[in-house]
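Okay, work07.csv now, which holds CSV, C-alpha atoms:
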```csv
chain,number,residue,atom,x,y,z
B,19,MET,CA,-9.2,7.6,-43.5
B,20,SER,CA,-13.0,7.8,-43.7
B,21,ILE,CA,-15.4,10.6,-42.8
B,22,GLY,CA,-17.1,8.5,-40.3
B,23,GLY,CA,-15.3,9.9,-37.3
B,24,GLU,CA,-12.0,8.1,-37.1
B,25,MET,CA,-10.1,11.3,-36.8
B,26,ALA,CA,-8.9,12.0,-33.3
B,27,PHE,CA,-8.8,15.5,-32.1
B,28,GLU,CA,-6.4,16.9,-29.6
B,29,ALA,CA,-8.1,17.6,-26.2
B,30,SER,CA,-7.0,21.3,-26.4
B,31,GLU,CA,-9.1,21.9,-29.5
B,32,PRO,CA,-12.4,20.2,-29.2
B,33,PRO,CA,-14.5,20.0,-32.4
B,34,SER,CA,-17.2,22.6,-32.7
B,35,GLN,CA,-20.5,21.8,-31.1
B,36,ARG,CA,-22.4,24.5,-32.8
B,37,ILE,CA,-23.3,24.4,-36.5
B,38,ALA,CA,-26.4,26.5,-36.6
B,39,GLY,CA,-26.6,29.9,-35.0
B,40,ALA,CA,-27.1,33.6,-35.6
B,41,ARG,CA,-23.6,34.2,-36.7
B,42,GLU,CA,-22.8,30.9,-38.3
B,43,ASN,CA,-20.9,31.1,-41.6
B,44,ALA,CA,-23.6,31.6,-44.3
B,45,LEU,CA,-22.1,29.1,-46.7
B,46,LEU,CA,-22.1,26.2,-44.1
B,47,ARG,CA,-25.6,27.2,-43.1
B,48,ALA,CA,-26.7,26.8,-46.7
B,49,LEU,CA,-25.8,23.2,-46.7
B,50,PRO,CA,-28.6,20.6,-46.4
B,51,LEU,CA,-28.7,19.2,-42.8
B,52,ILE,CA,-27.3,15.8,-43.9
B,53,ALA,CA,-24.3,17.4,-45.4
B,54,GLN,CA,-23.9,19.6,-42.3
B,55,GLY,CA,-23.9,16.4,-40.3
B,56,VAL,CA,-21.0,15.0,-42.3
B,57,LEU,CA,-18.8,18.0,-41.6
B,58,LYS,CA,-20.0,18.8,-38.1
B,59,PRO,CA,-17.7,16.4,-36.1
B,60,HIS,CA,-14.6,17.9,-37.9
B,61,LEU,CA,-15.3,21.6,-37.4
B,62,ARG,CA,-13.5,23.7,-35.0
B,63,GLN,CA,-13.8,27.3,-34.0
B,64,ARG,CA,-10.8,29.5,-33.8
B,65,GLU,CA,-10.1,33.2,-33.4
B,66,PHE,CA,-7.6,35.0,-35.6
B,67,VAL,CA,-6.4,38.6,-35.3
B,68,GLN,CA,-5.7,41.0,-38.1
B,69,GLY,CA,-2.4,40.4,-39.9
B,70,ARG,CA,-2.3,36.6,-39.2
B,71,VAL,CA,-0.9,34.8,-42.2
B,72,LEU,CA,-3.0,31.6,-42.6
B,73,TRP,CA,-1.0,30.1,-45.4
B,74,ASN,CA,1.9,31.1,-47.5
B,75,ALA,CA,2.1,31.4,-51.3
B,76,GLY,CA,3.3,28.1,-52.7
B,77,ASP,CA,2.1,26.1,-49.7
B,78,ARG,CA,-1.0,24.0,-49.7
B,79,PRO,CA,-3.4,25.4,-47.1
B,80,ALA,CA,-3.7,22.7,-44.4
B,81,GLN,CA,-7.1,24.0,-43.3
B,82,LEU,CA,-10.1,25.5,-44.8
B,83,TYR,CA,-11.5,28.7,-43.2
B,84,PHE,CA,-15.2,29.5,-43.0
B,85,PRO,CA,-15.4,33.0,-41.5
B,86,GLN,CA,-18.2,33.6,-38.9
B,87,SER,CA,-17.0,37.2,-38.8
B,88,GLY,CA,-14.0,39.0,-40.1
B,89,LEU,CA,-12.5,38.8,-43.5
B,90,ILE,CA,-9.6,36.8,-45.2
B,91,SER,CA,-7.7,38.4,-48.0
B,92,MET,CA,-6.0,36.4,-50.6
B,93,ARG,CA,-3.0,38.1,-52.1
B,94,VAL,CA,-0.4,37.5,-54.8
B,95,PRO,CA,3.0,38.4,-53.5
B,96,THR,CA,4.8,41.0,-55.6
B,97,THR,CA,8.5,41.7,-55.8
B,98,GLU,CA,8.3,45.0,-53.8
B,99,GLY,CA,7.2,43.1,-50.7
B,100,TYR,CA,3.6,43.9,-51.3
B,101,GLY,CA,0.8,41.4,-51.7
B,102,ILE,CA,-1.9,42.6,-54.1
B,103,GLU,CA,-5.4,41.3,-53.2
B,104,THR,CA,-7.0,39.1,-55.8
B,105,GLY,CA,-10.0,38.1,-53.7
B,106,SER,CA,-11.4,38.0,-50.2
B,107,VAL,CA,-13.8,35.9,-48.3
B,108,SER,CA,-16.1,36.6,-45.4
B,109,ARG,CA,-19.3,34.9,-44.1
B,110,GLU,CA,-20.5,34.2,-47.7
B,111,GLY,CA,-17.7,31.8,-48.5
B,112,VAL,CA,-14.7,29.7,-47.6
B,113,ALA,CA,-10.9,30.4,-47.9
B,114,GLY,CA,-8.1,27.9,-48.4
B,115,ILE,CA,-9.8,25.8,-51.0
B,116,GLU,CA,-7.1,26.3,-53.6
B,117,GLY,CA,-5.1,23.3,-52.5
B,118,GLU,CA,-7.5,20.6,-53.6
B,119,PHE,CA,-5.4,18.7,-56.1
B,120,GLY,CA,-2.3,18.8,-53.9
B,121,SER,CA,-1.1,22.0,-55.6
B,122,GLY,CA,0.4,25.0,-53.7
B,123,ALA,CA,-1.6,28.1,-53.6
B,124,MET,CA,-0.8,31.1,-55.9
B,125,THR,CA,-1.8,33.4,-53.2
B,126,PHE,CA,-1.1,33.8,-49.5
B,127,GLY,CA,-4.0,34.1,-47.1
B,128,VAL,CA,-4.0,36.8,-44.5
B,129,VAL,CA,-6.6,37.9,-42.0
B,130,GLN,CA,-7.7,41.4,-43.1
B,131,ILE,CA,-10.3,41.7,-40.3
B,132,GLY,CA,-10.0,39.7,-37.2
B,133,GLY,CA,-12.8,37.5,-36.1
B,134,VAL,CA,-14.1,34.0,-35.4
B,135,TYR,CA,-13.5,31.3,-38.0
B,136,THR,CA,-14.8,27.8,-38.4
B,137,THR,CA,-11.9,25.6,-39.7
B,138,ILE,CA,-11.7,22.1,-41.0
B,139,ASP,CA,-8.8,19.9,-42.0
B,140,ALA,CA,-8.3,20.2,-45.8
B,141,GLU,CA,-7.8,16.4,-46.2
B,142,ILE,CA,-11.1,15.6,-44.4
B,143,PHE,CA,-12.9,18.3,-46.4
B,144,PHE,CA,-11.7,17.1,-49.8
B,145,GLN,CA,-12.7,13.5,-48.9
B,146,ALA,CA,-16.2,14.7,-48.0
B,147,VAL,CA,-16.3,16.5,-51.4
B,148,GLN,CA,-15.8,13.0,-53.0
B,149,GLN,CA,-18.6,11.5,-51.0
B,150,ASN,CA,-21.3,14.1,-50.7
B,151,ARG,CA,-22.9,16.0,-53.6
B,152,ALA,CA,-23.9,19.1,-51.7
B,153,ILE,CA,-20.4,19.5,-50.2
B,154,ALA,CA,-19.0,19.1,-53.8
B,155,GLU,CA,-21.4,21.8,-54.9
B,156,LEU,CA,-20.2,24.0,-52.0
B,157,ALA,CA,-16.6,23.5,-53.1
B,158,GLY,CA,-17.4,24.2,-56.7
B,159,LEU,CA,-19.3,27.4,-56.0
B,160,SER,CA,-16.5,28.6,-53.6
B,161,ARG,CA,-13.8,28.0,-56.3
B,162,GLN,CA,-16.0,29.8,-58.8
B,163,TRP,CA,-16.4,32.8,-56.4
B,164,ILE,CA,-12.7,33.1,-56.0
B,165,LEU,CA,-12.2,32.9,-59.8
B,166,TRP,CA,-14.9,35.5,-60.5
B,167,GLN,CA,-13.4,37.9,-58.0
B,168,ALA,CA,-9.9,37.5,-59.5
B,169,GLN,CA,-11.4,38.1,-63.0
B,170,HIS,CA,-13.1,41.3,-61.9
B,171,MET,CA,-10.0,42.5,-59.9
B,172,ALA,CA,-7.8,42.0,-63.0
B,173,ALA,CA,-10.2,44.2,-65.1
B,174,CYS,CA,-10.9,46.6,-62.3
B,175,ASN,CA,-7.2,47.2,-61.5
B,176,ALA,CA,-6.5,47.9,-65.2
B,177,ALA,CA,-9.5,50.0,-66.0
B,178,HIS,CA,-10.6,52.0,-62.9
B,179,SER,CA,-9.1,54.8,-60.9
B,180,ALA,CA,-7.6,54.4,-57.4
B,181,GLU,CA,-10.6,56.3,-56.0
B,182,ALA,CA,-13.1,53.9,-57.7
B,183,ARG,CA,-11.1,50.9,-56.5
B,184,LEU,CA,-11.1,52.1,-52.9
B,185,GLY,CA,-14.9,52.7,-53.1
B,186,ARG,CA,-15.4,49.2,-54.5
B,187,TRP,CA,-13.2,47.6,-51.8
B,188,LEU,CA,-15.0,49.4,-49.0
B,189,LEU,CA,-18.5,48.4,-50.3
B,190,LEU,CA,-17.6,44.8,-50.9
B,191,VAL,CA,-16.1,44.4,-47.4
B,192,SER,CA,-19.0,46.2,-45.8
B,193,ASP,CA,-21.6,44.1,-47.6
B,194,ARG,CA,-20.1,40.8,-46.8
B,195,THR,CA,-19.1,41.5,-43.2
B,196,GLU,CA,-22.6,43.0,-42.8
B,197,ASN,CA,-21.2,46.0,-41.0
B,198,THR,CA,-21.0,49.7,-42.1
B,199,ILE,CA,-17.9,50.0,-39.9
B,200,ILE,CA,-14.8,48.6,-41.4
B,201,PRO,CA,-12.0,48.1,-38.9
B,202,ALA,CA,-9.0,48.5,-41.3
B,203,THR,CA,-6.0,50.8,-41.1
B,204,GLN,CA,-4.9,52.8,-44.1
B,205,GLU,CA,-1.8,50.8,-44.3
B,206,SER,CA,-3.7,47.5,-44.6
B,207,ILE,CA,-6.0,48.9,-47.3
B,208,ALA,CA,-3.0,50.4,-49.2
B,209,ASP,CA,-1.4,47.0,-49.1
B,210,ALA,CA,-4.5,45.2,-50.3
B,211,LEU,CA,-4.9,47.5,-53.3
B,212,GLY,CA,-1.2,47.8,-54.1
B,213,LEU,CA,-1.2,51.5,-53.5
B,214,ARG,CA,1.0,53.8,-51.3
B,215,ARG,CA,-0.4,54.7,-47.9
B,216,THR,CA,-0.2,58.4,-48.8
B,217,THR,CA,-2.6,57.7,-51.7
B,218,ILE,CA,-5.1,56.0,-49.5
B,219,THR,CA,-4.8,58.8,-46.9
B,220,LEU,CA,-5.6,61.4,-49.5
B,221,LEU,CA,-8.4,59.4,-51.0
B,222,THR,CA,-10.1,58.7,-47.7
B,223,HIS,CA,-9.9,62.4,-46.9
B,224,SER,CA,-11.5,63.1,-50.2
B,225,LEU,CA,-14.3,60.6,-49.6
B,226,ALA,CA,-14.8,61.9,-46.0
B,227,SER,CA,-15.0,65.6,-47.2
B,228,ALA,CA,-17.6,64.5,-49.8
B,229,GLY,CA,-19.7,62.9,-46.9
B,230,ALA,CA,-19.3,59.3,-48.2
B,231,ILE,CA,-17.4,58.0,-45.2
B,232,THR,CA,-16.1,59.0,-41.8
B,233,ASN,CA,-12.6,58.2,-41.1
B,234,THR,CA,-11.2,57.7,-37.6
B,235,ARG,CA,-7.9,56.0,-36.8
B,236,GLY,CA,-8.2,52.4,-37.8
B,237,LYS,CA,-11.9,52.5,-38.6
B,238,ILE,CA,-13.9,53.6,-41.6
B,239,ARG,CA,-17.6,54.1,-41.4
B,240,ILE,CA,-19.7,54.1,-44.5
B,241,ARG,CA,-22.2,57.0,-44.3
B,242,ASN,CA,-23.5,57.2,-47.9
B,243,ARG,CA,-23.4,54.1,-50.0
B,244,ALA,CA,-24.8,55.9,-53.1
B,245,LEU,CA,-21.9,58.4,-53.1
B,246,LEU,CA,-19.4,55.5,-52.9
B,247,GLN,CA,-21.2,53.6,-55.7
B,248,ASN,CA,-21.4,56.6,-58.0
B,249,GLY,CA,-17.7,57.3,-57.5
B,250,GLY,CA,-16.9,53.6,-57.5
B,251,CYS,CA,-16.9,51.1,-60.3
B,252,SER,CA,-19.4,48.6,-61.7
B,253,CYS,CA,-17.5,45.7,-60.2
B,254,CYS,CA,-19.4,46.0,-56.9
B,255,ALA,CA,-22.7,45.2,-58.5
B,256,LYS,CA,-21.3,42.2,-60.4
B,257,LEU,CA,-19.9,40.8,-57.2
B,258,GLY,CA,-23.2,41.4,-55.3
B,259,SER,CA,-25.1,39.1,-53.0
B,260,ASP,CA,-26.8,37.2,-55.9
B,261,ASN,CA,-23.4,35.8,-56.8
B,262,TRP,CA,-22.2,34.9,-53.3
B,263,PRO,CA,-21.6,31.1,-53.0
B,264,SER,CA,-23.8,31.0,-49.8
B,265,ASN,CA,-26.8,32.3,-51.6
B,266,ARG,CA,-26.2,30.3,-54.7
B,267,LEU,CA,-25.8,27.1,-52.6
B,268,ALA,CA,-29.0,27.9,-50.7
B,269,ALA,CA,-30.8,28.2,-54.1
B,270,LEU,CA,-29.3,24.9,-55.2
B,271,SER,CA,-30.1,23.0,-52.0
B,272,ARG,CA,-33.6,24.2,-51.6
B,273,PRO,CA,-35.1,24.6,-55.1
B,274,ALA,CA,-38.5,23.6,-53.8
B,275,LEU,CA,-38.6,26.7,-51.5
B,276,HIS,CA,-37.7,29.0,-54.4
B,277,GLN,CA,-40.4,27.5,-56.6
B,278,MET,CA,-43.0,27.7,-53.8
B,279,SER,CA,-42.4,31.5,-53.4
B,280,SER,CA,-44.0,32.0,-56.8
B,281,ILE,CA,-47.1,30.0,-56.0
B,282,ASP,CA,-49.8,31.9,-54.3
B,283,SER,CA,-50.7,31.1,-50.7
B,284,ARG,CA,-53.9,29.3,-51.4
B,285,ASP,CA,-52.1,26.7,-53.5
B,286,LEU,CA,-49.5,26.5,-50.8
B,287,SER,CA,-52.0,25.7,-48.1
B,288,HIS,CA,-53.6,23.2,-50.4
B,289,GLN,CA,-50.2,21.5,-50.8
B,290,ARG,CA,-49.7,21.4,-47.1
B,291,SER,CA,-53.0,19.8,-46.3
B,292,ALA,CA,-52.5,17.3,-49.1
J,4,MET,CA,14.7,60.0,-40.9
J,5,PRO,CA,13.0,63.3,-41.8
J,6,ARG,CA,9.2,63.3,-42.3
J,7,TYR,CA,7.5,64.7,-45.4
J,8,TYR,CA,3.9,65.6,-45.8
J,9,PHE,CA,2.1,65.3,-49.2
J,10,ASN,CA,-0.9,67.6,-49.5
J,11,LEU,CA,-3.2,67.4,-52.5
J,12,LYS,CA,-4.4,70.6,-54.0
J,13,LYS,CA,-7.6,70.5,-55.9
J,14,ARG,CA,-10.0,73.2,-57.1
J,15,GLU,CA,-12.5,72.2,-54.3
J,16,GLY,CA,-9.8,72.7,-51.7
J,17,THR,CA,-6.7,71.2,-50.2
J,18,LEU,CA,-6.6,67.6,-48.8
J,19,LEU,CA,-4.1,67.5,-46.0
J,20,ASP,CA,-1.8,64.5,-45.2
J,21,PRO,CA,-1.9,64.5,-41.4
J,22,ASP,CA,0.6,61.7,-40.7
J,23,GLY,CA,3.2,62.2,-43.4
J,24,THR,CA,5.8,59.6,-44.4
J,25,ASP,CA,9.4,59.1,-43.2
J,26,LEU,CA,11.8,59.3,-46.1
J,27,PRO,CA,15.6,59.6,-46.2
J,28,ASP,CA,15.9,62.9,-48.2
J,29,GLU,CA,14.1,65.2,-50.6
J,30,ALA,CA,15.1,63.1,-53.6
J,31,ALA,CA,13.2,60.1,-52.0
J,32,ALA,CA,10.3,62.4,-51.2
J,33,ARG,CA,10.2,63.4,-54.9
J,34,LYS,CA,10.2,59.8,-55.9
J,35,HIS,CA,7.4,59.0,-53.4
J,36,ALA,CA,5.4,62.0,-54.6
J,37,LEU,CA,5.7,60.9,-58.3
J,38,GLN,CA,4.5,57.4,-57.4
J,39,VAL,CA,1.5,58.8,-55.4
J,40,MET,CA,0.7,61.1,-58.3
J,41,ARG,CA,0.8,58.2,-60.8
J,42,GLU,CA,-1.5,56.2,-58.6
J,43,LEU,CA,-4.0,59.0,-58.3
J,44,MET,CA,-3.8,59.8,-62.0
J,45,HIS,CA,-4.2,56.2,-63.2
J,46,ASN,CA,-7.4,55.9,-65.3
J,47,ALA,CA,-8.4,59.5,-64.1
J,48,HIS,CA,-6.0,61.6,-66.2
J,49,VAL,CA,-8.4,64.2,-67.5
J,50,ARG,CA,-10.0,64.9,-64.1
J,51,THR,CA,-6.7,65.2,-62.3
J,52,ARG,CA,-4.6,67.2,-64.7
J,53,ALA,CA,-5.0,70.5,-62.7
J,54,TRP,CA,-4.3,68.8,-59.4
J,55,ARG,CA,-1.0,69.4,-57.6
J,56,LEU,CA,0.8,67.5,-54.9
J,57,ALA,CA,2.4,70.0,-52.5
J,58,VAL,CA,5.2,68.5,-50.5
J,59,MET,CA,6.2,69.9,-47.1
J,60,ASP,CA,9.2,69.1,-44.9
J,61,GLN,CA,8.8,68.1,-41.2
J,62,ASP,CA,8.4,71.7,-40.1
J,63,ARG,CA,5.6,72.1,-42.7
J,64,ASN,CA,7.7,74.4,-44.9
J,65,PRO,CA,7.0,73.9,-48.6
J,66,CYS,CA,9.6,71.8,-50.4
J,67,PHE,CA,8.2,71.5,-53.9
J,68,GLU,CA,5.0,71.2,-55.8
J,69,LEU,CA,4.2,68.9,-58.7
J,70,LEU,CA,1.5,69.6,-61.3
J,71,PHE,CA,-0.2,66.5,-62.4
J,72,ALA,CA,-0.3,67.7,-66.1
J,73,SER,CA,3.5,67.9,-66.2
J,74,HIS,CA,3.8,64.2,-65.5
J,75,ASP,CA,0.8,62.9,-67.4
J,76,GLY,CA,1.8,59.9,-69.4
J,77,SER,CA,-1.5,59.8,-71.2
J,78,MET,CA,-0.5,62.9,-73.1
J,79,ALA,CA,2.7,61.2,-74.5
J,80,HIS,CA,1.2,60.8,-78.0
J,81,PHE,CA,0.2,64.5,-78.2
J,82,THR,CA,2.3,66.9,-80.1
J,83,PRO,CA,4.8,68.8,-77.9
J,84,GLU,CA,2.9,72.1,-78.6
J,85,LEU,CA,-0.4,70.6,-77.5
J,86,ARG,CA,1.1,69.1,-74.4
J,87,SER,CA,2.7,72.3,-73.4
J,88,SER,CA,-0.5,74.3,-74.0
J,89,ILE,CA,-2.5,71.8,-71.9
J,90,GLU,CA,0.1,72.1,-69.2
J,91,MET,CA,-0.1,75.9,-69.4
J,92,VAL,CA,-3.9,75.9,-69.0
J,93,CYS,CA,-3.6,73.6,-66.0
J,94,ARG,CA,-0.9,75.7,-64.5
J,95,ARG,CA,-3.0,78.8,-64.9
J,96,GLN,CA,-6.1,77.1,-63.5
J,97,ALA,CA,-3.9,76.1,-60.5
J,98,SER,CA,-2.7,79.6,-59.9
J,99,LEU,CA,-6.3,80.9,-60.3
J,100,THR,CA,-7.3,78.4,-57.5
J,101,ASP,CA,-4.4,79.7,-55.4
J,102,THR,CA,-5.7,83.3,-56.0
J,103,ILE,CA,-9.2,82.3,-55.0
J,104,VAL,CA,-8.0,80.6,-51.9
J,105,ASP,CA,-5.9,83.8,-51.0
J,106,VAL,CA,-8.9,86.1,-51.6
J,107,ARG,CA,-11.0,83.8,-49.4
J,108,ALA,CA,-8.4,83.9,-46.7
J,109,THR,CA,-8.2,87.7,-46.9
J,110,MET,CA,-12.0,88.0,-46.6
J,111,LEU,CA,-12.0,85.6,-43.6
J,112,GLN,CA,-9.2,87.7,-42.0
J,113,LEU,CA,-11.3,90.9,-42.7
J,114,ARG,CA,-14.4,89.3,-41.2
J,115,GLY,CA,-12.3,88.2,-38.2
J,116,THR,CA,-11.0,91.7,-37.6
J,117,LEU,CA,-14.5,93.1,-37.8
J,118,ALA,CA,-15.9,90.4,-35.5
J,119,ARG,CA,-13.1,90.9,-33.0
J,120,SER,CA,-13.8,94.6,-32.8
J,121,ASP,CA,-17.5,93.8,-32.1
J,122,GLY,CA,-16.5,91.0,-29.7
J,123,ARG,CA,-18.2,88.3,-31.8
J,124,PRO,CA,-16.9,84.8,-32.7
J,125,TYR,CA,-14.9,84.4,-35.9
J,126,VAL,CA,-13.1,81.7,-38.0
J,127,ALA,CA,-9.5,81.6,-36.8
J,128,ALA,CA,-8.1,79.1,-39.2
J,129,GLU,CA,-9.2,77.2,-42.3
J,130,ASN,CA,-7.5,74.1,-43.7
J,131,GLY,CA,-4.6,74.5,-41.2
J,132,ARG,CA,-4.0,78.1,-42.4
J,133,GLU,CA,-4.4,80.9,-39.9
J,134,CYS,CA,-6.8,83.6,-41.0
J,135,GLY,CA,-7.9,85.2,-37.8
```
structure tokens encoding of this file:
Amino acid sequence: MSIGGEMAFEASEPPSQRIAGARENALLRALPLIAQGVLKPHLRQREFVQGRVLWNAGDRPAQLYFPQSGLISMRVPTTEGYGIETGSVSREGVAGIEGEFGSGAMTFGVVQIGGVYTTIDAEIFFQAVQQNRAIAELAGLSRQWILWQAQHMAACNAAHSAEARLGRWLLLVSDRTENTIIPATQESIADALGLRRTTITLLTHSLASAGAITNTRGKIRIRNRALLQNGGCSCCAKLGSDNWPSNRLAALSRPALHQMSSIDSRDLSHQRSA
Amino acid sequence: MPRYYFNLKKREGTLLDPDGTDLPDEAAARKHALQVMRELMHNAHVRTRAWRLAVMDQDRNPCFELLFASHDGSMAHFTPELRSSIEMVCRRQASLTDTIVDVRATMLQLRGTLARSDGRPYVAAENGRECG
């Protein structure tokens, strides 16, 4: 099977016609146009609601998911029937990339915040990885992002308090979904952090009475980032936008732009006229 | 299944658990309370020692109250004397907090009574506790 367009699509699910746009997945948008063109015929848009399990632990994800909005949480199942979050992906990355070498995923993937997702068949994507350097870079950066998150979570879960971890979770979700309102129930947050719902209820009340958040049923609004950051842990800063695969890929794909920003405008106009 | 409410008492005030949790009996409520306490205490032992988890039954009658310092695993390596003296200090701090809360409630009641006699508005309840 080649990338050239031999894949047939069911009539019910036409491939996506839109690759650029205001709410396009930032990682896909960071690809050079040629690489975008390679993937474009195979992309589809789908909507998923909160709680939808996208792949099970042990299975190889059949699709890759590029969130345009919403958030996918990757969780390791635990014996108590909980799944503890080891990483999550929103517009800055891609989920489902674990199955590259035919191996089953350690985590299961669940939609934490419902939204619109661009999907691609895993087989087709990994073939494109073999053939296109920029797509290979996208895959590498995305794997690294998931690894970095897991490394930080391991340290964070061991070293920081429940309150700090909740603060970290809220800030990371808010930053990446680009929204100060987080549509998440206390149950779903408790599940992600491996804590009892009672613990999350008491901690959200505590944060709300300190003025850091407002908490209405099923929605948390961040009112004061500084308060959350102070009470939170250093993990937020280390998983900040500089380390998002979308921004790192953009820097890789357009090094000329980054260099130009340091040249003064007179030199730039000179270059243009040359 | 009966419902139990787990309120957190801190020096700054009481955080109420509005929804509660359905559990088979008081023994299960105690187990749940201990787990919640462990989660809140984890990596925050010193700060949380004087906190208490007050458990209420479905009619909001108090069932039992757990002092964090009494279940603080981070003190396991202390001598028993040191442990019990820290626990005592925390217990006293907690009862001082209760006293301050009571005094505050009494003052609010008094202000309420005075305001009512003047026909002015007054605070009728604070933290779910009637004081008017």
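When CA of Val147 (chain B) is paired with CA of Lys58 (chain B), their separation reads 14.0 Å.
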### Query
Taking all atoms listed in the file into account, what are the residues of chain B at most 9 Å from chain J, put as a ChimeraX atom specification?
/B:176-181,213-217,219-221,223-224,227
Within 10 Å of region 96-117 of chain J: each region 11-70 of chain J residue with its shortest pair, only C-alpha atoms, as a Markdown table:
```
| residue | atom | partner | partner_atom | distance |
| --- | --- | --- | --- | --- |
| J:Lys12 | CA | J:Ala97 | CA | 8.5 |
| J:Lys13 | CA | J:Thr100 | CA | 8.1 |
| J:Arg14 | CA | J:Thr100 | CA | 5.9 |
| J:Glu15 | CA | J:Thr100 | CA | 8.7 |
| J:Gly16 | CA | J:Val104 | CA | 8.1 |
| J:Thr17 | CA | J:Val104 | CA | 9.6 |
| J:Arg52 | CA | J:Ala97 | CA | 9.9 |
| J:Ala53 | CA | J:Ala97 | CA | 6.1 |
| J:Trp54 | CA | J:Ala97 | CA | 7.4 |
| J:Arg55 | CA | J:Ala97 | CA | 7.9 |
| J:Leu70 | CA | J:Ala97 | CA | 8.5 |
```
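Here CA of Gln148 (chain B) is placed at a distance of 19.9 Å from CA of Arg47 (chain B).
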#### Entry: Close residues, Arg86 (chain J) itself excluded, 12 Å, only C-alpha atoms, min 2 positions apart in chain, as a PyMOL selection string
chain J and resi 52+72-84+88-93
### Test item: residues at most 10 Å from Ala48 (chain B), all atoms listed in the file, excluding those fewer than 5 positions along its chain, as a ChimeraX atom specification
/B:43,53-54,110,152,156,263-272
### Contact residues around Leu165 (chain B) with only C-alpha atoms at 9 Å, ignoring same-chain residues under 5 positions, as a VMD selection string
chain B and resid 105 160 170
### Message
When you count all atoms listed in the file, which of these residues is closest to Ala123 (chain B): B:Ile164, B:Ala146, B:Ser87, B:Gly76?
### Response
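That would be B:Gly76, the residue with the smallest distance to Ala123 (chain B).
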### Task
Could you check how far CA of Gln167 (chain B) sits from CA of Ala202 (chain B), in Å to one decimal?
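Pair CA of Gln167 (chain B) / CA of Ala202 (chain B) returns 20.3 Å.
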### Asp193 (chain B) environment, 9 Å, only C-alpha atoms, sequence neighbours closer than 5 positions dropped, as a list in words
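Those residues are Leu188, Thr198, Gly258 and Ser259 of chain B.
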### Query
Hey, what's within 12 Å of Glu29 (chain J) if we count all atoms listed in the file and toss same-chain stuff fewer than 6 positions away? As a PyMOL selection string, please?
chain J and resi 4-8+35-36+58-61+65-67
### Of the listed residues B:Ala244, B:Val107, B:Leu45, B:Leu57, that which approaches Asn150 (chain B) most closely, counting all atoms listed in the file
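Counting all atoms listed in the file, the residue closest to Asn150 (chain B) is B:Leu57.
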